[in-house]
Amino acid sequence: MSGGKVMFPSLKREKSPSLPAVTLSVDSSTNNDNALADATSPTSSKRFSLTHLALASSSAVTSPPSSSPSSPQQGKRVPDSYFRETPEDELAQYPMDFEKYYESKEVSREPLKDLVIIPTDELEVVPVRREFRHADSTPKNYTRGTSLFLDDCMDTYRKDVYKVVRRKYHAKFSAATIRRQSNSNASTNSMPFELYQIDPLARSESVDEELAQPSPTMRGARPSISAERKDSASMERRESTVTDKRSSRPTLPMDISPQSSVDLEGEDELHLDYVDKKVASIIPSSPASCTLASPTSIVPRTTLFSLTPNSDSDPSPSSSSRDYPLPYSRKTGVQILVEVTKLEFRLSNQLDEAEPFYCSMFVYDQARRMRVSETFYFDFNSDKTEKMLGIHQGPKERETCSKRAIFQVTHPNQDLFLFLRVEKVLQGGDLEDVCEPYIRATLKTDKDKEKFMTQARQFCGRLGTFRQGFCWSMIPLFMEDKAGMQELSQGDGITFAPLYRHKTDMADAVMVDTALGDPGSVKTGGSSKKLKNIPGVCMVNIKDASGTLANRITPSYAAVAPSDGKGEVVREVEEFPRVARLAPHLDYVHLLYVYPETINFSNRSGSVNARNICIKVSLMANDDNVNQEGIKAIFGRSSCEALVTKAYTGVTYHSKTPNFYDEIKIALPVHILPSHHLLFTFYHIACQRADKDQIHDSPAVPLGYAVLPLLGPGGKFISEEENLPVAMECPPKYLSPQMENIMRYVENKKQLFQVRTRVVSSVYASSDRNMSRFLGSLEDEVVNPEEAQELLRYLSASKVESLVQFFHVLMGQLVRLMCMSESIEVTAATFVAMAETIGRVAEEGCMDVVGQYVQYMFDNLPTSPRPVYEVIVSTWLHVMRHFDSDAVLKIVRVPLWMIFKSMCLHLLTTEAKPGPIVANPNRKGRFSLWFHAELQRLVSVLVWEAKRTSGPFARELIRQLALFIVDLLPVMDRGYLFKLIERIVKDLDPAITSPGLNGSAGGGSNEGPDVLIELKFVFLKIIMVEYEFLVPLNLPLPDKIETIAKTFNSFSQHHFLSELLLGQAHDFLGHKEEGVRIEALTALRDVFSRVDQDPRYQDPRAKWRVTGLYLPLVSVAVQKWDVLSSRESFFERHLMLLEVLFVLKNMHPQLLRVFWREEPRN
């Protein structure tokens, strides 16, 4: 990024108006009048050596005219020259054999170990144990081996340990961490007062040199000026004016105090002893007077770069970090705890006992006119009241006896209401007549009360199984606060009022619209005049449930920790969000919600008059007998068993075309077979006995049957809305086609029954037919090309929400399909499909889901004939050679990351060492020469693609390639990686023409030459800033002090990375474009900032050594000074001076002087 965006508040200067914009571009009309512009790059294909710094003249070289970058040339194929076989001898040629030199005695005897030692455990595999939210939810009837996809689902949802590859020291010594610590420790407002040694120039030829030694009192608070002068005047002057043999120029004074003499037996003897002797050989002084200032006597100062901002183009922690949320962490909305505390009617207070009432509650969206949660069932019936039900009251389980529920709302808004419905036992007579006593709320005499209760007991004893709607109400869940935010309407004792009488001829949506459309509606706290009220009250406590609650159970009745298994449970209610959740499935969930809508028996003929219609819903395993019990998989409602075999809808009295409001929740079988189906049995409920003397007559008279198979033709799961015919009878084997002609239907098989379903499942993609086909068809580890082509076609047509929800399982299947196939066509097609899937998920803002998979879920395949990393690299090359690879390039980070993790896990397996995976220091034989060659080709092709494309896409590709190489530094032969780095820098040189691209400026790239230079420095900056052991990688061992040319020549042998950076900076600091020069300067600045603030190298002796790696910058600055000083940009001059100052400030006190003395005058 251009430095023009970086501001320095402390300098109070505005950026130069000549600075370019953030995105570098080249204008063909650029003014070339600047005669001081150097060449953009040397034309030699060899890597630039810092030896040229001592030999380069100050004359400028005219650069070729730049041209504007051309537009991206889509559809170009990578030239075949990039895929040629690399000879083995060429593979073994490294610019520096780091591993060999790193094992030398010179490194092993270095006393300052932090400077040269790279830990062998810098990379490790950390087992991350999953903390399951609830107990094992694996279904009891699950049999492994029946379905490969179901096995994959169970392995994913029940995986308890994840293998996470981490750079052990990255969090502690990353550039972001160091910068953050430095900013917290250093502040311009709390900088300590410091005194510096000053070498003032005399006004005459003879120079009076004075060295002011600070007193101990000066290390605290800053003294006054008069105090400073007094202390300085009273100091003992200890100075030595030294004269150069070859010149009369004065030299720097030497402190000869005994306290400051260096101990040559100390830790830095190897380096300091040599420098001291060298100084003594060229300065005519006694050895005692030529000692250096002791490192222990130097007061630590604030690091120079702690006061300057870093480049905006740095890889920020958010962009380069790979720390994603754990894959089982849940993104939840507002969690609302609703505790029902009271339900009573005014009439009930006049009775000794009340008849049973049954309540249900759900979240209703008034704007969409539909429920957006499942239904929570509860009641307040006492044991005495339940005795009225007689045989209709079965055993109770704690899951159905709760009065507390947690509703989740992803998108809070003012249209959401908490809807309450109250039912009572079916009673003969019109609903208006049934409700009249409760509306009048008075029974005048004891005889009236006894008559009322006797009638209630009779109906409960006979019709206790069947219910009818009684009343309803609702309250708003959210209010808008003063800031316009949605605030939960929480508190204790919130009242549902008024309670409206149920309307049998109105659907829920119509009743709600009627209530809310009235001026005195529940929105304003009033009552609708169009609906009758039943005097009574239902009270709830509403609270935020984001904290930990004991004894929670999921919608599938799985206990959530913490749970004691005894107390009252808190039911979690499933949310039906407005749009599908873009989050991967985490647990096994397999639920079906059934909503009978309407039935039309107005034209049904027969002996039984169909009026009081009720529907029994059962899940059947086969069609042997329509009267047999269904599967015990239906969730009970309130005060009953947790799972039952059947459920009944409410009854509308004397209606042949009733509307139903019931919800039936079913736990689906894990293995759904073609024989599984829903059976709807329609009954007429006789409220009065036909024969008063007959006690045990059944009130339910069958009217017909409707059948809904769970799996349709081709294995398709049931759709959301179905219209079904009603059969008058169902003989055995009623599902078989042969029985179709035998069965008789109501109204000639007219579709009279309407039912709606909703599936909430993590093992079936019921709402996405294409995803369902893909998941259901991939049942073999190896498939032929024709099958693979069809499967991948289904995948590409799947909905993006399905891709996200099944992403973890899906990726595992694609990796297996890619690695197990023996056909390169299948492997390549799968790789491209995987890239397209990742790209679609990323485009929806779900890159975290992708990162979670790679970081936690991805693993090598033990059964694969080749390691996964080899398959990815070779397949990627094949795709880039023969197909359009743009889909892969858009998500280049992911396959590179998978290659890296697979390599690490492979080493863990082959070296059989737990914990640190790179404990074996011998790196040369870890990976085959074949893989080295393949990886080298892949890197070259990716750089070619970066030059082919343009803009942010190319920048991101280079950035991810740099991060990938940084990841490989702890794993592979570092000499080999140096070769890759050198090759990338060379390929990004504008003077190098890439095969297959046009021959325009910029090396045949679609980008201009200046943008290629920017990419080059982005790459170098990431390599050197992101790696936490940059200094040891540069091996800051003491170099032999000779002439500048000879000394700098040794850099390429020992300090590869620093020499490479400084060489590139030398090439482009004289460039005519300001943006290019600033790119070079900001790269230097960010690297210097990293090493300057690193706490490991704050000891002066370490600083001397580290700074010595960048000493050639002084020569660069001298050679380029005429050019740099003539620039108009203050920011540019500031950067250059800042970086030179860093080197001069932190280098060995006598090292620069030795260089100056050694260098011949010519």
# chains A, B, ... in the order shown; residues from 1 in each chain; ligands from 1

$ closest_atom_pairs --of "range 452-513 of chain A" --to "range 398-414 of chain A" --cutoff "8 Å" --atoms "only C-alpha atoms" --output "tab-separated table"
residue	atom	partner	partner_atom	distance
A:Pro476	CA	A:Gln414	CA	7.1
A:Leu477	CA	A:Gln414	CA	7.2
A:Phe478	CA	A:Gln414	CA	5.3
A:Met479	CA	A:Gln414	CA	6.0
A:Glu480	CA	A:Gln414	CA	7.2
A:Gln486	CA	A:Asn413	CA	6.1

$ residues_around --residues "Val894 in chain A" --least-positions-apart "3" --cutoff "8 Å" --atoms "only C-alpha atoms" --output "compact mmCIF listing (two decimals) with all heavy atoms, in the first residue's frame"
# COMPACT_ATOMS: atom_id res chain seq x y z
N VAL A 850 -15.75 -22.25 6.62
CA VAL A 850 -14.65 -22.89 5.89
C VAL A 850 -13.43 -23.01 6.78
O VAL A 850 -12.77 -24.06 6.84
CB VAL A 850 -14.32 -22.09 4.62
CG1 VAL A 850 -13.18 -22.75 3.85
CG2 VAL A 850 -15.54 -21.94 3.73
N GLY A 851 -13.09 -21.92 7.49
CA GLY A 851 -11.94 -21.95 8.38
C GLY A 851 -12.09 -22.97 9.49
O GLY A 851 -11.12 -23.64 9.87
N VAL A 854 -11.24 -26.49 8.06
CA VAL A 854 -9.82 -26.78 7.83
C VAL A 854 -9.07 -26.83 9.16
O VAL A 854 -8.24 -27.71 9.38
CB VAL A 854 -9.20 -25.73 6.89
CG1 VAL A 854 -7.74 -26.06 6.62
CG2 VAL A 854 -9.97 -25.66 5.58
N ILE A 891 -10.38 -18.97 -3.99
CA ILE A 891 -10.30 -19.45 -2.60
C ILE A 891 -8.93 -20.08 -2.35
O ILE A 891 -8.81 -21.08 -1.66
CB ILE A 891 -11.44 -20.44 -2.30
CG1 ILE A 891 -11.54 -21.54 -3.39
CG2 ILE A 891 -12.77 -19.74 -2.22
CD1 ILE A 891 -10.82 -22.80 -3.11
N TRP A 897 -3.85 -23.99 2.69
CA TRP A 897 -3.92 -24.33 4.12
C TRP A 897 -4.10 -25.83 4.31
O TRP A 897 -3.50 -26.45 5.20
CB TRP A 897 -5.08 -23.55 4.74
CG TRP A 897 -5.13 -23.58 6.23
CD1 TRP A 897 -4.26 -24.17 7.09
CD2 TRP A 897 -6.14 -22.99 7.05
NE1 TRP A 897 -4.65 -23.99 8.38
CE2 TRP A 897 -5.80 -23.27 8.39
CE3 TRP A 897 -7.29 -22.26 6.77
CZ2 TRP A 897 -6.58 -22.83 9.46
CZ3 TRP A 897 -8.05 -21.83 7.83
CH2 TRP A 897 -7.71 -22.11 9.15
N MET A 898 -4.92 -26.46 3.45
CA MET A 898 -5.12 -27.90 3.55
C MET A 898 -3.83 -28.65 3.24
O MET A 898 -3.52 -29.67 3.87
CB MET A 898 -6.24 -28.33 2.62
CG MET A 898 -7.61 -27.80 3.01
SD MET A 898 -8.90 -28.14 1.78
CE MET A 898 -9.05 -29.91 1.93

$ closest_residue --among "A:Pro731, A:Pro867, A:Gly493, A:Gly428" --to "Leu463 in chain A" --atoms "only C-alpha atoms"
A:Gly428

$ atom_distance --atom1 "CA of Lys168 in chain A" --atom2 "CA of Pro1095 in chain A"
17.1 Å

$ select_by_dssp --residues "range 760-892 of chain A" --states "helix (DSSP H, G or I)" --output "PyMOL selection string"
chain A and resi 769-777+785-796+800-805+807-820+824-843+847-857+868-882+886-890

$ atom_distance --atom1 "CA of Pro111 in chain A" --atom2 "CA of Asp1092 in chain A"
20.7 Å

$ residues_around --residues "range 544-551 of chain A" --least-positions-apart "2" --cutoff "12 Å" --atoms "only C-alpha atoms" --output "PyMOL selection string"
chain A and resi 133-134+331-339+398-399+402+404-409+477+487-492+541-542+553-554+557-572

$ closest_residue --among "A:Ala1083, A:Ala962, A:Leu810, A:Leu1111" --to "Phe1019 in chain A" --atoms "only C-alpha atoms"
A:Ala962

$ atom_distance --atom1 "CA of Ser655 in chain A" --atom2 "CA of Tyr745 in chain A"
20.6 Å

$ residues_around --residues "range 1137-1150 of chain A" --least-positions-apart "3" --cutoff "6 Å" --atoms "only C-alpha atoms" --output "list of chain:residue names"
A:Lys1103, A:Trp1104, A:Thr1107, A:His1134, A:Arg1153

$ residues_around --residues "range 606-611 of chain A" --least-positions-apart "5" --cutoff "6 Å" --atoms "only C-alpha atoms" --output "MDAnalysis selection string"
chainID A and resid 654:656 684

$ residues_around --residues "Met811 in chain A" --least-positions-apart "5" --cutoff "10 Å" --atoms "only C-alpha atoms" --output "number ranges by chain"
A: 803, 806, 816-817, 834, 837-838, 850, 853-854, 857-858

$ write_last_selection --atoms "all heavy atoms" --output "JSON list (two decimals), in the first residue's frame"
[["chain", "number", "residue", "atom", "x", "y", "z"],
["A", 803, "LEU", "N", -25.41, -26.06, 1.42],
["A", 803, "LEU", "CA", -23.96, -26.22, 1.41],
["A", 803, "LEU", "C", -23.36, -25.82, 2.75],
["A", 803, "LEU", "O", -22.45, -26.48, 3.26],
["A", 803, "LEU", "CB", -23.35, -25.37, 0.29],
["A", 803, "LEU", "CG", -23.75, -25.71, -1.14],
["A", 803, "LEU", "CD1", -23.07, -24.76, -2.11],
["A", 803, "LEU", "CD2", -23.39, -27.14, -1.48],
["A", 806, "PHE", "N", -24.46, -28.46, 5.67],
["A", 806, "PHE", "CA", -23.81, -29.77, 5.60],
["A", 806, "PHE", "C", -22.33, -29.64, 5.23],
["A", 806, "PHE", "O", -21.72, -30.61, 4.77],
["A", 806, "PHE", "CB", -24.52, -30.65, 4.58],
["A", 806, "PHE", "CG", -25.88, -31.11, 5.01],
["A", 806, "PHE", "CD1", -27.01, -30.41, 4.62],
["A", 806, "PHE", "CD2", -26.03, -32.22, 5.80],
["A", 806, "PHE", "CE1", -28.27, -30.82, 5.02],
["A", 806, "PHE", "CE2", -27.29, -32.64, 6.21],
["A", 806, "PHE", "CZ", -28.42, -31.93, 5.82],
["A", 816, "ARG", "N", -12.54, -37.37, 0.41],
["A", 816, "ARG", "CA", -12.43, -38.82, 0.23],
["A", 816, "ARG", "C", -12.62, -39.21, -1.22],
["A", 816, "ARG", "O", -11.88, -40.05, -1.75],
["A", 816, "ARG", "CB", -13.45, -39.53, 1.12],
["A", 816, "ARG", "CG", -13.38, -41.06, 1.01],
["A", 816, "ARG", "CD", -14.36, -41.74, 1.94],
["A", 816, "ARG", "NE", -15.72, -41.35, 1.66],
["A", 816, "ARG", "CZ", -16.60, -41.01, 2.60],
["A", 816, "ARG", "NH1", -16.25, -41.01, 3.87],
["A", 816, "ARG", "NH2", -17.83, -40.67, 2.26],
["A", 817, "LEU", "N", -13.61, -38.62, -1.88],
["A", 817, "LEU", "CA", -13.84, -38.93, -3.28],
["A", 817, "LEU", "C", -12.64, -38.55, -4.13],
["A", 817, "LEU", "O", -12.26, -39.29, -5.06],
["A", 817, "LEU", "CB", -15.09, -38.20, -3.77],
["A", 817, "LEU", "CG", -15.52, -38.43, -5.22],
["A", 817, "LEU", "CD1", -15.87, -39.89, -5.45],
["A", 817, "LEU", "CD2", -16.71, -37.54, -5.57],
["A", 834, "MET", "N", -15.14, -28.90, -5.22],
["A", 834, "MET", "CA", -14.83, -28.49, -3.85],
["A", 834, "MET", "C", -14.51, -27.00, -3.80],
["A", 834, "MET", "O", -14.97, -26.28, -2.90],
["A", 834, "MET", "CB", -13.66, -29.32, -3.32],
["A", 834, "MET", "CG", -13.30, -29.04, -1.88],
["A", 834, "MET", "SD", -12.12, -30.27, -1.23],
["A", 834, "MET", "CE", -10.71, -29.98, -2.31],
["A", 837, "THR", "N", -17.70, -25.02, -4.26],
["A", 837, "THR", "CA", -18.51, -25.07, -3.04],
["A", 837, "THR", "C", -17.97, -24.10, -2.00],
["A", 837, "THR", "O", -18.72, -23.35, -1.37],
["A", 837, "THR", "CB", -18.51, -26.51, -2.48],
["A", 837, "THR", "OG1", -19.07, -27.40, -3.45],
["A", 837, "THR", "CG2", -19.31, -26.58, -1.20],
["A", 838, "ILE", "N", -16.66, -24.11, -1.80],
["A", 838, "ILE", "CA", -16.05, -23.19, -0.84],
["A", 838, "ILE", "C", -16.30, -21.75, -1.27],
["A", 838, "ILE", "O", -16.60, -20.88, -0.44],
["A", 838, "ILE", "CB", -14.54, -23.48, -0.72],
["A", 838, "ILE", "CG1", -14.32, -24.87, -0.12],
["A", 838, "ILE", "CG2", -13.85, -22.41, 0.12],
["A", 838, "ILE", "CD1", -12.88, -25.32, -0.14],
["A", 850, "VAL", "N", -15.75, -22.25, 6.62],
["A", 850, "VAL", "CA", -14.65, -22.89, 5.89],
["A", 850, "VAL", "C", -13.43, -23.01, 6.78],
["A", 850, "VAL", "O", -12.77, -24.06, 6.84],
["A", 850, "VAL", "CB", -14.32, -22.09, 4.62],
["A", 850, "VAL", "CG1", -13.18, -22.75, 3.85],
["A", 850, "VAL", "CG2", -15.54, -21.94, 3.73],
["A", 853, "TYR", "N", -13.69, -25.75, 9.34],
["A", 853, "TYR", "CA", -13.47, -27.10, 8.80],
["A", 853, "TYR", "C", -11.99, -27.40, 8.68],
["A", 853, "TYR", "O", -11.52, -28.46, 9.13],
["A", 853, "TYR", "CB", -14.15, -27.25, 7.45],
["A", 853, "TYR", "CG", -13.70, -28.51, 6.74],
["A", 853, "TYR", "CD1", -14.17, -29.75, 7.14],
["A", 853, "TYR", "CD2", -12.76, -28.46, 5.70],
["A", 853, "TYR", "CE1", -13.73, -30.92, 6.52],
["A", 853, "TYR", "CE2", -12.33, -29.61, 5.08],
["A", 853, "TYR", "CZ", -12.82, -30.84, 5.50],
["A", 853, "TYR", "OH", -12.36, -31.99, 4.91],
["A", 854, "VAL", "N", -11.24, -26.49, 8.06],
["A", 854, "VAL", "CA", -9.82, -26.78, 7.83],
["A", 854, "VAL", "C", -9.07, -26.83, 9.16],
["A", 854, "VAL", "O", -8.24, -27.71, 9.38],
["A", 854, "VAL", "CB", -9.20, -25.73, 6.89],
["A", 854, "VAL", "CG1", -7.74, -26.06, 6.62],
["A", 854, "VAL", "CG2", -9.97, -25.66, 5.58],
["A", 857, "MET", "N", -11.70, -29.74, 11.63],
["A", 857, "MET", "CA", -12.30, -30.99, 11.14],
["A", 857, "MET", "C", -11.43, -31.74, 10.14],
["A", 857, "MET", "O", -11.44, -32.96, 10.11],
["A", 857, "MET", "CB", -13.66, -30.69, 10.50],
["A", 857, "MET", "CG", -14.58, -29.80, 11.31],
["A", 857, "MET", "SD", -15.10, -30.53, 12.87],
["A", 857, "MET", "CE", -16.16, -31.84, 12.30],
["A", 858, "PHE", "N", -10.70, -31.00, 9.31],
["A", 858, "PHE", "CA", -9.93, -31.64, 8.24],
["A", 858, "PHE", "C", -8.85, -32.56, 8.80],
["A", 858, "PHE", "O", -8.15, -32.22, 9.75],
["A", 858, "PHE", "CB", -9.30, -30.58, 7.36],
["A", 858, "PHE", "CG", -8.34, -31.13, 6.34],
["A", 858, "PHE", "CD1", -8.80, -31.84, 5.24],
["A", 858, "PHE", "CD2", -6.98, -30.94, 6.48],
["A", 858, "PHE", "CE1", -7.92, -32.34, 4.31],
["A", 858, "PHE", "CE2", -6.08, -31.45, 5.56],
["A", 858, "PHE", "CZ", -6.56, -32.16, 4.47]]

$ closest_residue --among "A:Trp944, A:Tyr157, A:Tyr653, A:Phe1056" --to "Leu431 in chain A" --atoms "only C-alpha atoms"
A:Tyr653

$ closest_residue --among "A:Thr138, A:Ser802, A:Thr143, A:Gln789" --to "Thr830 in chain A" --atoms "only C-alpha atoms"
A:Gln789

$ select_by_dssp --residues "range 463-535 of chain A" --states "strand (DSSP E or B)" --output "ChimeraX atom specification"
/A:467-476,478-480,486-488,491-496,500-501,533

$ write_last_selection --atoms "N, CA and C atoms" --output "compact mmCIF listing (two decimals), in the first residue's frame"
# COMPACT_ATOMS: atom_id res chain seq x y z
N ARG A 467 -59.99 -32.78 22.55
CA ARG A 467 -60.01 -31.42 23.06
C ARG A 467 -60.58 -30.47 22.02
N GLN A 468 -60.94 -29.28 22.50
CA GLN A 468 -61.44 -28.25 21.63
C GLN A 468 -60.87 -26.90 22.07
N GLY A 469 -60.75 -26.00 21.12
CA GLY A 469 -60.24 -24.69 21.45
C GLY A 469 -61.15 -23.95 22.39
N PHE A 470 -60.57 -23.20 23.36
CA PHE A 470 -61.35 -22.50 24.36
C PHE A 470 -61.10 -20.99 24.31
N CYS A 471 -59.88 -20.58 24.47
CA CYS A 471 -59.56 -19.15 24.42
C CYS A 471 -58.11 -18.96 23.99
N TRP A 472 -57.77 -17.72 23.71
CA TRP A 472 -56.41 -17.42 23.27
C TRP A 472 -56.08 -15.98 23.61
N SER A 473 -54.78 -15.69 23.58
CA SER A 473 -54.32 -14.32 23.80
C SER A 473 -52.88 -14.23 23.32
N MET A 474 -52.35 -13.03 23.34
CA MET A 474 -50.95 -12.86 22.95
C MET A 474 -50.41 -11.56 23.53
N ILE A 475 -49.10 -11.52 23.67
CA ILE A 475 -48.42 -10.33 24.17
C ILE A 475 -47.21 -10.04 23.27
N PRO A 476 -46.86 -8.77 23.07
CA PRO A 476 -45.68 -8.46 22.24
C PRO A 476 -44.39 -8.85 22.97
N PHE A 478 -41.19 -7.71 21.89
CA PHE A 478 -40.16 -6.69 21.79
C PHE A 478 -40.81 -5.31 21.66
N MET A 479 -40.11 -4.34 22.22
CA MET A 479 -40.49 -2.94 22.08
C MET A 479 -39.28 -2.17 21.56
N GLU A 480 -39.55 -1.07 20.91
CA GLU A 480 -38.48 -0.24 20.39
C GLU A 480 -38.10 0.81 21.41
N GLN A 486 -34.38 -2.87 19.34
CA GLN A 486 -35.42 -3.77 19.81
C GLN A 486 -35.08 -4.26 21.21
N GLU A 487 -35.96 -3.99 22.16
CA GLU A 487 -35.72 -4.34 23.54
C GLU A 487 -36.73 -5.39 23.97
N LEU A 488 -36.26 -6.42 24.67
CA LEU A 488 -37.12 -7.50 25.12
C LEU A 488 -38.09 -6.99 26.18
N GLY A 491 -39.84 -9.13 32.36
CA GLY A 491 -40.28 -8.77 33.69
C GLY A 491 -41.07 -9.91 34.32
N ASP A 492 -41.41 -9.75 35.58
CA ASP A 492 -42.20 -10.74 36.30
C ASP A 492 -43.67 -10.33 36.30
N GLY A 493 -44.54 -11.33 36.30
CA GLY A 493 -45.96 -11.05 36.39
C GLY A 493 -46.57 -10.41 35.16
N ILE A 494 -45.99 -10.69 34.01
CA ILE A 494 -46.58 -10.17 32.77
C ILE A 494 -47.86 -10.96 32.47
N THR A 495 -48.92 -10.24 32.14
CA THR A 495 -50.25 -10.84 32.04
C THR A 495 -50.71 -10.93 30.59
N PHE A 496 -51.19 -12.13 30.24
CA PHE A 496 -51.91 -12.27 28.97
C PHE A 496 -53.33 -11.76 29.19
N TYR A 500 -59.27 -14.01 24.76
CA TYR A 500 -60.35 -14.01 23.77
C TYR A 500 -60.91 -15.42 23.60
N ARG A 501 -62.22 -15.48 23.43
CA ARG A 501 -62.85 -16.76 23.14
C ARG A 501 -62.42 -17.26 21.77
N ASN A 533 -64.50 -11.69 25.31
CA ASN A 533 -63.48 -11.99 26.31
C ASN A 533 -64.00 -12.99 27.33

$ closest_residue --among "A:Ile984, A:Met818, A:Thr649, A:Tyr764" --to "Asn784 in chain A" --atoms "only C-alpha atoms"
A:Met818
